[in-house]
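Dumped upload34.cif below, it's mmCIF, C-alpha atoms:
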```cif
data_coords
loop_
_atom_site.label_atom_id
_atom_site.label_comp_id
_atom_site.auth_asym_id
_atom_site.auth_seq_id
_atom_site.Cartn_x
_atom_site.Cartn_y
_atom_site.Cartn_z
CA MET A 4 3.99 -20.27 30.28
CA ALA A 5 3.65 -16.53 30.70
CA THR A 6 6.47 -14.51 29.12
CA VAL A 7 6.04 -11.60 31.52
CA HIS A 8 5.01 -11.43 35.15
CA VAL A 9 1.24 -11.18 35.54
CA ASN A 10 -1.00 -11.38 38.53
CA PRO A 11 -2.99 -14.64 38.31
CA THR A 12 -6.32 -13.09 39.25
CA ARG A 13 -9.74 -13.28 37.67
CA MET A 14 -9.75 -9.52 37.15
CA GLU A 15 -6.47 -9.73 35.24
CA LEU A 16 -7.82 -12.66 33.24
CA THR A 17 -10.92 -10.67 32.25
CA ARG A 18 -8.78 -7.69 31.28
CA LEU A 19 -6.46 -9.81 29.15
CA LYS A 20 -9.36 -11.53 27.38
CA LYS A 21 -10.86 -8.15 26.44
CA LYS A 22 -7.46 -6.94 25.32
CA LEU A 23 -7.00 -10.08 23.22
CA VAL A 24 -10.36 -9.58 21.49
CA THR A 25 -9.35 -5.98 20.65
CA ALA A 26 -5.94 -7.12 19.40
CA LEU A 27 -7.45 -9.81 17.17
CA ARG A 28 -9.91 -7.32 15.71
CA GLY A 29 -7.12 -4.80 15.17
CA HIS A 30 -4.95 -7.48 13.56
CA LYS A 31 -7.71 -8.33 11.08
CA LEU A 32 -8.31 -4.66 10.24
CA LEU A 33 -4.59 -4.03 9.75
CA LYS A 34 -4.29 -7.09 7.49
CA ASP A 35 -7.23 -5.85 5.42
CA LYS A 36 -5.62 -2.41 5.24
CA ARG A 37 -2.29 -3.91 4.20
CA ASP A 38 -3.94 -5.98 1.47
CA GLU A 39 -5.87 -2.98 0.12
CA LEU A 40 -2.74 -0.82 0.22
CA MET A 41 -0.88 -3.49 -1.74
CA ARG A 42 -3.65 -3.61 -4.34
CA ARG A 43 -3.60 0.17 -4.77
CA PHE A 44 0.21 0.17 -4.80
CA LEU A 45 0.43 -2.46 -7.56
CA ASP A 46 -2.15 -0.58 -9.66
CA LEU A 47 -0.10 2.60 -9.31
CA VAL A 48 3.15 0.79 -10.11
CA ARG A 49 1.68 -0.52 -13.35
CA GLU A 50 0.35 2.93 -14.26
CA ASN A 51 3.67 4.50 -13.29
CA LYS A 52 5.57 2.11 -15.56
CA ALA A 53 3.32 2.84 -18.54
CA LEU A 54 3.49 6.61 -17.96
CA ARG A 55 7.26 6.59 -17.55
CA GLU A 56 7.70 4.75 -20.84
CA LYS A 57 5.34 7.20 -22.57
CA VAL A 58 7.02 10.28 -21.09
CA GLU A 59 10.53 9.04 -21.84
CA GLN A 60 9.52 8.26 -25.41
CA GLY A 61 7.96 11.73 -25.77
CA ILE A 62 11.06 13.42 -24.35
CA ALA A 63 13.25 11.42 -26.73
CA VAL A 64 11.12 12.61 -29.67
CA ALA A 65 11.31 16.22 -28.45
CA ASN A 66 15.09 16.00 -28.03
CA ARG A 67 15.44 14.57 -31.52
CA ASN A 68 13.41 17.45 -32.91
CA PHE A 69 15.52 19.96 -30.97
CA VAL A 70 18.66 18.40 -32.45
CA LEU A 71 17.17 18.64 -35.96
CA ALA A 72 16.16 22.25 -35.35
CA ARG A 73 19.62 23.13 -34.06
CA SER A 74 21.20 21.59 -37.14
CA VAL A 75 19.43 24.09 -39.41
CA MET A 76 19.35 27.09 -37.05
CA SER A 77 22.17 29.08 -35.52
CA ASP A 78 22.62 29.01 -31.75
CA GLU A 79 21.86 32.73 -31.53
CA ILE A 80 18.50 32.41 -33.30
CA LEU A 81 17.58 29.32 -31.26
CA ASN A 82 18.47 31.02 -27.95
CA VAL A 83 16.52 34.16 -28.84
CA ALA A 84 13.50 32.09 -29.94
CA LEU A 85 13.36 30.29 -26.57
CA MET A 86 14.49 33.15 -24.36
CA THR A 87 11.07 34.44 -23.27
CA PRO A 88 8.24 31.93 -22.73
CA LYS A 89 4.89 33.10 -24.03
CA GLN A 90 2.61 30.70 -22.14
CA GLU A 91 2.28 30.55 -18.37
CA VAL A 92 1.32 27.51 -16.30
CA THR A 93 -0.13 27.65 -12.78
CA LEU A 94 0.10 24.49 -10.69
CA GLU A 95 -2.28 23.76 -7.81
CA LEU A 96 -1.78 20.99 -5.28
CA GLU A 97 -4.42 19.14 -3.29
CA THR A 98 -4.33 15.85 -1.41
CA GLN A 99 -6.50 12.76 -1.55
CA ASN A 100 -6.85 10.44 1.44
CA VAL A 101 -6.20 6.83 0.44
CA MET A 102 -6.30 4.42 3.40
CA SER A 103 -5.00 7.15 5.77
CA VAL A 104 -2.28 8.17 3.28
CA GLU A 105 -2.38 11.71 1.88
CA ILE A 106 -1.75 11.30 -1.85
CA PRO A 107 -0.90 14.47 -3.85
CA LYS A 108 -3.10 15.53 -6.77
CA TYR A 109 -1.83 18.15 -9.22
CA HIS A 110 -4.02 20.49 -11.23
CA TYR A 111 -2.65 22.97 -13.71
CA LYS A 112 -4.04 25.93 -15.61
CA THR A 113 -2.53 27.79 -18.53
CA ARG A 114 -2.77 31.55 -18.89
CA THR A 115 -4.71 31.10 -22.14
CA SER A 116 -6.32 28.13 -23.81
CA ASP A 117 -4.97 29.01 -27.26
CA ALA A 118 -2.80 26.14 -28.51
CA ASN A 119 -0.53 28.53 -30.43
CA ASP A 120 0.44 30.41 -27.26
CA ILE A 121 3.08 27.80 -26.58
CA TYR A 122 5.28 29.26 -29.33
CA SER A 123 7.29 32.24 -28.06
CA TYR A 124 8.75 33.11 -31.46
CA GLY A 125 7.78 33.93 -34.98
CA TYR A 126 7.79 31.36 -37.74
CA ALA A 127 9.87 33.29 -40.27
CA PHE A 128 13.35 32.39 -39.03
CA THR A 129 12.72 29.15 -37.14
CA SER A 130 12.54 25.51 -38.15
CA GLY A 131 9.43 23.36 -38.21
CA ASP A 132 11.35 20.84 -36.11
CA LEU A 133 11.49 23.40 -33.30
CA ASP A 134 7.70 23.71 -33.48
CA SER A 135 7.38 19.93 -33.22
CA ALA A 136 9.72 19.82 -30.22
CA VAL A 137 7.83 22.55 -28.34
CA LYS A 138 4.49 20.93 -29.20
CA SER A 139 5.76 17.53 -27.99
CA LEU A 140 6.79 18.96 -24.62
CA SER A 141 3.51 20.83 -24.28
CA ASP A 142 1.53 17.65 -24.95
CA LEU A 143 3.65 15.77 -22.41
CA LEU A 144 2.83 18.14 -19.52
CA PRO A 145 -0.34 16.31 -18.31
CA ASP A 146 1.43 12.94 -18.44
CA MET A 147 4.47 14.32 -16.64
CA LEU A 148 2.29 15.68 -13.84
CA ARG A 149 0.41 12.39 -13.56
CA LEU A 150 3.75 10.56 -13.49
CA ALA A 151 4.87 12.81 -10.62
CA GLU A 152 1.63 11.99 -8.79
CA CYS A 153 2.10 8.25 -9.31
CA GLU A 154 5.73 8.21 -8.22
CA LYS A 155 5.03 10.21 -5.07
CA ALA A 156 1.97 8.09 -4.31
CA CYS A 157 4.04 4.91 -4.73
CA GLN A 158 6.65 6.23 -2.28
CA LEU A 159 4.03 7.16 0.31
CA LEU A 160 2.09 3.91 -0.08
CA ALA A 161 5.27 1.83 0.13
CA ALA A 162 6.18 3.54 3.42
CA GLU A 163 2.66 2.98 4.80
CA ILE A 164 2.69 -0.67 3.67
CA GLU A 165 5.97 -1.25 5.50
CA LYS A 166 4.63 0.46 8.64
CA THR A 167 1.41 -1.57 8.51
CA ARG A 168 3.34 -4.79 7.87
CA ARG A 169 5.46 -4.20 10.97
CA ARG A 170 2.33 -3.61 13.06
CA VAL A 171 0.68 -6.77 11.71
CA ASN A 172 3.80 -8.81 12.47
CA ALA A 173 4.11 -7.33 15.96
CA LEU A 174 0.51 -8.27 16.74
CA GLU A 175 0.68 -11.67 15.05
CA HIS A 176 4.03 -12.87 16.37
CA VAL A 177 4.52 -10.98 19.64
CA MET A 178 1.53 -9.34 21.30
CA ILE A 179 -1.25 -11.86 20.54
CA PRO A 180 0.85 -14.97 21.40
CA GLU A 181 2.04 -13.25 24.59
CA MET A 182 -1.52 -12.45 25.66
CA GLN A 183 -2.62 -16.00 24.84
CA ASP A 184 0.25 -17.40 26.92
CA ASN A 185 -0.65 -15.11 29.81
CA ILE A 186 -4.30 -16.14 29.61
CA ARG A 187 -3.31 -19.84 29.65
CA TYR A 188 -0.95 -19.19 32.56
CA ILE A 189 -3.58 -17.36 34.63
CA THR A 190 -6.22 -19.98 33.79
CA MET A 191 -3.85 -22.73 34.85
CA LYS A 192 -2.98 -20.95 38.11
CA LEU A 193 -6.65 -20.28 38.88
CA ASP A 194 -7.48 -23.96 38.22
CA GLU A 195 -4.63 -25.01 40.49
CA ASN A 196 -5.83 -22.67 43.22
CA GLU A 197 -9.38 -23.96 42.85
CA ARG A 198 -8.24 -27.58 43.08
CA SER A 199 -6.10 -26.76 46.12
CA THR A 200 -9.05 -25.03 47.76
CA GLN A 201 -11.30 -28.02 47.06
CA ILE A 202 -8.71 -30.42 48.51
CA ARG A 203 -8.36 -28.29 51.64
CA LEU A 204 -12.13 -28.12 52.02
CA MET A 205 -12.39 -31.88 51.61
CA LYS A 206 -9.67 -32.41 54.24
CA VAL A 207 -11.39 -30.00 56.61
CA LYS A 208 -14.65 -31.81 56.04
CA ASP A 209 -13.01 -35.18 56.72
CA MET A 210 -11.43 -33.81 59.90
CA MET A 211 -14.77 -32.41 61.05
CA LEU A 212 -16.49 -35.71 60.32
CA GLU A 213 -13.78 -37.61 62.14
CA GLN A 214 -14.04 -35.30 65.17
CA ALA A 215 -17.81 -35.66 65.17
CA HIS A 216 -17.43 -39.47 65.05
CA HIS A 217 -15.02 -39.46 68.01
CA TYR A 218 -17.33 -37.14 69.91
CA LYS A 219 -20.28 -39.54 69.35
CA GLU A 220 -18.17 -42.47 70.50
CA LYS A 221 -17.30 -40.66 73.75
CA LEU A 222 -20.94 -39.82 74.34
CA GLY A 223 -22.01 -43.37 73.58
#
```
Spell out the structure here as structure tokens.
Amino acid sequence: MATVHVNPTRMELTRLKKKLVTALRGHKLLKDKRDELMRRFLDLVRENKALREKVEQGIAVANRNFVLARSVMSDEILNVALMTPKQEVTLELETQNVMSVEIPKYHYKTRTSDANDIYSYGYAFTSGDLDSAVKSLSDLLPDMLRLAECEKACQLLAAEIEKTRRRVNALEHVMIPEMQDNIRYITMKLDENERSTQIRLMKVKDMMLEQAHHYKEKLG
């Protein structure tokens, strides 16, 4: 039975059938989109996990080297050595469209390509452990940026997956069943009307035949 009031007319039936075809097509497209988003999301989650472990391990190594450097250097010398950075990094942001989701992509450039420009101090009064710590952090920069991309992409994809899932459920469990019920209701009402019309026509025909028979009997 229809869940909402509809006019049981052939025009309304035609409109609902067209609307149902569109809804079914949209439901399939949204399910395909949801499945593809889930595939991309799971790939990114796996990459994110591997990158996070790598970055955390690299940061732990850098921190250990900083601790070793601090144990053999005074705080004043260490602070002066790291006071003024020598290298400069420029970060550029662009977006990539993934299934209607704008995913950030980071690109960075350093002021110079010389690997030694990461050291903002001389080597005479500093520890080799400090060099290792700075080098570790410099090597981690690409992975840290990629990790930031993955984490942001996972957040955006998760939100889009939830939105798409709600739309799929609304179509699958509310809109499509409601339209199918309305179509059945209108079809049933039209069939009832057609049967009633046929019965009335048959009764009218019988009455006309009966009147014609009586008229013949009077004439005869």
*What is the atom CA of Arg67 of chain A to atom CA of Gly131 of chain A distance in Å?*
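The value is 12.6 Å.
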_When you count only C-alpha atoms, which of these residues is closest to Ala53 of chain A: A:Leu133, A:Val92, A:Ala72, A:Met147?_
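The shortest atom-to-atom distance to Ala53 of chain A comes from A:Met147.
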_atom CA of Arg13 of chain A to atom CA of Glu195 of chain A, distance in Å rounded to a single decimal_ =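 Computing it gives 13.1 Å between the two atoms.
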*Using all atoms listed in the file, pick whichever of A:Asn100, A:Thr87, A:Asn66, A:Thr129 has the shortest atom-to-atom distance to Leu159 of chain A.*
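The answer is A:Asn100, which sits nearest to Leu159 of chain A.
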*Once the PyMOL selection byres ((chain A and resi 122) around 9) has been applied to the shown file, what residues remain in the selection, as a list in words?*
Ala84, Leu85, Pro88, Lys89, Gln90, Ala118, Asn119, Asp120, Ile121, Ser123, Tyr124, Gly125, Asp134, Val137 and Lys138 of chain A
Store the residues picked out above in a file with C-alpha atoms, as a compact mmCIF listing (two decimals), keeping the file's coordinate frame.
```
# COMPACT_ATOMS: atom_id res chain seq x y z
CA ALA A 84 13.50 32.09 -29.94
CA LEU A 85 13.36 30.29 -26.57
CA PRO A 88 8.24 31.93 -22.73
CA LYS A 89 4.89 33.10 -24.03
CA GLN A 90 2.61 30.70 -22.14
CA ALA A 118 -2.80 26.14 -28.51
CA ASN A 119 -0.53 28.53 -30.43
CA ASP A 120 0.44 30.41 -27.26
CA ILE A 121 3.08 27.80 -26.58
CA SER A 123 7.29 32.24 -28.06
CA TYR A 124 8.75 33.11 -31.46
CA GLY A 125 7.78 33.93 -34.98
CA ASP A 134 7.70 23.71 -33.48
CA VAL A 137 7.83 22.55 -28.34
CA LYS A 138 4.49 20.93 -29.20
```
*Close residues, Glu50 of chain A itself excluded, 10 Å, all atoms listed in the file, min 6 positions apart in chain, as a PyMOL selection string*: chain A and resi 44+149-150+153-154
*Determine the residue set returned by the PyMOL selection byres ((chain A and resi 38) around 12) for the present structure, and present it as a list of chain:residue names.*
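The output of the PyMOL selection byres ((chain A and resi 38) around 12) on this file is A:Lys31, A:Leu32, A:Leu33, A:Lys34, A:Asp35, A:Lys36, A:Arg37, A:Glu39, A:Leu40, A:Met41, A:Arg42, A:Arg43, A:Phe44, A:Leu45, A:Met102, A:Leu160, A:Glu163, A:Ile164, A:Glu165, A:Thr167, A:Arg168, A:Val171.
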*Leaving out Glu97 of chain A and any residue of its chain fewer than 3 positions from it, which residues lie within 8 Å of it when counting all atoms listed in the file, given as a PyMOL selection string?*
chain A and resi 107-109
Only C-alpha atoms, please: the residues just picked out, written as a PDB file, keeping the file's coordinate frame.
```pdb
ATOM      1  CA  PRO A 107      -0.900  14.470  -3.850  1.00  0.00           C
ATOM      2  CA  LYS A 108      -3.100  15.530  -6.770  1.00  0.00           C
ATOM      3  CA  TYR A 109      -1.830  18.150  -9.220  1.00  0.00           C
TER       4      TYR A 109
END
```
*Distance of atom CA of Leu193 of chain A from atom CA of Thr12 of chain A, expressed in Å to one decimal place*: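 Answer for the atom CA of Thr12 of chain A to atom CA of Leu193 of chain A separation: 7.2 Å.
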*Resolved residues for the PyMOL selection byres ((chain A and resi 95) around 8) as a list in words*: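 Here the PyMOL selection byres ((chain A and resi 95) around 8) matches Thr93, Leu94, Leu96, Glu97, Tyr109, His110 and Tyr111 of chain A.
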*With distances taken over all atoms listed in the file, which of A:Glu220, A:Arg203, A:Leu143, A:Thr115 is nearest to Lys57 of chain A?*
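The closest residue to Lys57 of chain A is A:Leu143.
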_Contacts of Lys21 of chain A at 12 Å (only C-alpha atoms; same-chain gap of 4+ positions) as a VMD selection string_ = chain A and resid 14 to 17 25 to 28 179 182 to 183 186
*Find the residues near Val58 of chain A: any atom within 8 Å, counting all atoms listed in the file, skip ones fewer than 2 places away on the same chain, and give them as a PyMOL selection string.*
chain A and resi 54-56+60-62+143+146-147
Any chance you could work out the axis-aligned box around segment 144-153 of chain A, listed atoms only, 8 Å on each side, giving centre and edge lengths in Å to one decimal, as lines of an AutoDock Vina configuration file?
```
center_x = 2.3
center_y = 13.2
center_z = -14.2
size_x = 21.2
size_y = 25.9
size_z = 26.7
```
*From the list A:Ala215, A:Val207, A:Val104, A:Leu81, which residue is nearest Lys166 of chain A when using all atoms listed in the file?*
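Of A:Ala215, A:Val207, A:Val104, A:Leu81, the one nearest Lys166 of chain A, counting all atoms listed in the file, is A:Val104.
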*Of the residues A:Glu175, A:Thr113, A:Arg170, A:His216, which is the one nearest to Pro145 of chain A, using all atoms listed in the file?*
A:Thr113
*Counting all atoms listed in the file, which of A:Gln158, A:Ser74, A:Gln201, A:Thr190 gets nearest to Ser130 of chain A?*
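Of all the options, A:Ser74 lies closest to Ser130 of chain A.
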Can you put all heavy atoms back into segment 96-107 of chain A and show it as an mmCIF file, in the frame of the given file?
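What landed in result_5.cif:
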```cif
data_model
loop_
_atom_site.group_PDB
_atom_site.id
_atom_site.type_symbol
_atom_site.label_atom_id
_atom_site.label_comp_id
_atom_site.auth_asym_id
_atom_site.auth_seq_id
_atom_site.Cartn_x
_atom_site.Cartn_y
_atom_site.Cartn_z
ATOM 1 N N LEU A 96 -1.963 22.274 -5.941
ATOM 2 C CA LEU A 96 -1.780 20.990 -5.280
ATOM 3 C C LEU A 96 -2.901 20.756 -4.268
ATOM 4 O O LEU A 96 -3.224 21.631 -3.473
ATOM 5 C CB LEU A 96 -0.431 20.957 -4.554
ATOM 6 C CG LEU A 96 -0.178 19.762 -3.621
ATOM 7 C CD1 LEU A 96 -0.129 18.455 -4.399
ATOM 8 C CD2 LEU A 96 1.103 19.968 -2.826
ATOM 9 N N GLU A 97 -3.474 19.573 -4.320
ATOM 10 C CA GLU A 97 -4.420 19.140 -3.290
ATOM 11 C C GLU A 97 -4.071 17.693 -2.934
ATOM 12 O O GLU A 97 -3.263 17.055 -3.610
ATOM 13 C CB GLU A 97 -5.865 19.254 -3.768
ATOM 14 C CG GLU A 97 -6.244 18.302 -4.883
ATOM 15 C CD GLU A 97 -7.715 18.401 -5.253
ATOM 16 O OE1 GLU A 97 -8.313 19.474 -5.020
ATOM 17 O OE2 GLU A 97 -8.253 17.401 -5.762
ATOM 18 N N THR A 98 -4.633 17.207 -1.852
ATOM 19 C CA THR A 98 -4.330 15.850 -1.410
ATOM 20 C C THR A 98 -5.592 15.010 -1.372
ATOM 21 O O THR A 98 -6.689 15.518 -1.147
ATOM 22 C CB THR A 98 -3.671 15.850 -0.012
ATOM 23 O OG1 THR A 98 -4.531 16.517 0.913
ATOM 24 C CG2 THR A 98 -2.309 16.541 -0.059
ATOM 25 N N GLN A 99 -5.409 13.729 -1.592
ATOM 26 C CA GLN A 99 -6.500 12.760 -1.550
ATOM 27 C C GLN A 99 -6.154 11.694 -0.516
ATOM 28 O O GLN A 99 -5.050 11.143 -0.529
ATOM 29 C CB GLN A 99 -6.695 12.117 -2.926
ATOM 30 C CG GLN A 99 -7.767 11.040 -2.968
ATOM 31 C CD GLN A 99 -7.856 10.369 -4.325
ATOM 32 O OE1 GLN A 99 -7.101 10.698 -5.236
ATOM 33 N NE2 GLN A 99 -8.761 9.422 -4.458
ATOM 34 N N ASN A 100 -7.090 11.426 0.383
ATOM 35 C CA ASN A 100 -6.850 10.440 1.440
ATOM 36 C C ASN A 100 -7.125 9.038 0.915
ATOM 37 O O ASN A 100 -8.246 8.712 0.546
ATOM 38 C CB ASN A 100 -7.738 10.748 2.659
ATOM 39 C CG ASN A 100 -7.359 9.914 3.868
ATOM 40 O OD1 ASN A 100 -7.460 8.697 3.844
ATOM 41 N ND2 ASN A 100 -6.920 10.576 4.920
ATOM 42 N N VAL A 101 -6.073 8.222 0.872
ATOM 43 C CA VAL A 101 -6.200 6.830 0.440
ATOM 44 C C VAL A 101 -5.714 5.939 1.581
ATOM 45 O O VAL A 101 -4.524 5.850 1.851
ATOM 46 C CB VAL A 101 -5.363 6.561 -0.834
ATOM 47 C CG1 VAL A 101 -5.452 5.087 -1.227
ATOM 48 C CG2 VAL A 101 -5.837 7.444 -1.980
ATOM 49 N N MET A 102 -6.642 5.327 2.296
ATOM 50 C CA MET A 102 -6.300 4.420 3.400
ATOM 51 C C MET A 102 -5.373 5.118 4.398
ATOM 52 O O MET A 102 -4.319 4.597 4.777
ATOM 53 C CB MET A 102 -5.649 3.146 2.878
ATOM 54 C CG MET A 102 -6.450 2.408 1.827
ATOM 55 S SD MET A 102 -7.995 1.730 2.462
ATOM 56 C CE MET A 102 -7.398 0.495 3.578
ATOM 57 N N SER A 103 -5.745 6.341 4.791
ATOM 58 C CA SER A 103 -5.000 7.150 5.770
ATOM 59 C C SER A 103 -3.687 7.684 5.227
ATOM 60 O O SER A 103 -2.846 8.165 5.990
ATOM 61 C CB SER A 103 -4.719 6.355 7.055
ATOM 62 O OG SER A 103 -5.926 5.900 7.629
ATOM 63 N N VAL A 104 -3.486 7.621 3.920
ATOM 64 C CA VAL A 104 -2.280 8.170 3.280
ATOM 65 C C VAL A 104 -2.708 9.365 2.424
ATOM 66 O O VAL A 104 -3.602 9.242 1.587
ATOM 67 C CB VAL A 104 -1.571 7.116 2.418
ATOM 68 C CG1 VAL A 104 -0.305 7.698 1.804
ATOM 69 C CG2 VAL A 104 -1.240 5.887 3.243
ATOM 70 N N GLU A 105 -2.060 10.508 2.644
ATOM 71 C CA GLU A 105 -2.380 11.710 1.880
ATOM 72 C C GLU A 105 -1.617 11.690 0.559
ATOM 73 O O GLU A 105 -0.403 11.926 0.515
ATOM 74 C CB GLU A 105 -2.015 12.967 2.692
ATOM 75 C CG GLU A 105 -2.819 13.132 3.971
ATOM 76 C CD GLU A 105 -4.299 13.385 3.684
ATOM 77 O OE1 GLU A 105 -4.612 13.974 2.632
ATOM 78 O OE2 GLU A 105 -5.135 12.976 4.513
ATOM 79 N N ILE A 106 -2.344 11.400 -0.522
ATOM 80 C CA ILE A 106 -1.750 11.300 -1.850
ATOM 81 C C ILE A 106 -1.879 12.647 -2.563
ATOM 82 O O ILE A 106 -2.963 13.233 -2.586
ATOM 83 C CB ILE A 106 -2.450 10.203 -2.676
ATOM 84 C CG1 ILE A 106 -2.323 8.849 -1.971
ATOM 85 C CG2 ILE A 106 -1.854 10.132 -4.075
ATOM 86 C CD1 ILE A 106 -0.913 8.384 -1.774
ATOM 87 N N PRO A 107 -0.804 13.168 -3.163
ATOM 88 C CA PRO A 107 -0.900 14.470 -3.850
ATOM 89 C C PRO A 107 -1.657 14.364 -5.170
ATOM 90 O O PRO A 107 -1.563 13.361 -5.885
ATOM 91 C CB PRO A 107 0.573 14.843 -4.090
ATOM 92 C CG PRO A 107 1.290 13.538 -4.152
ATOM 93 C CD PRO A 107 0.575 12.630 -3.191
#
```
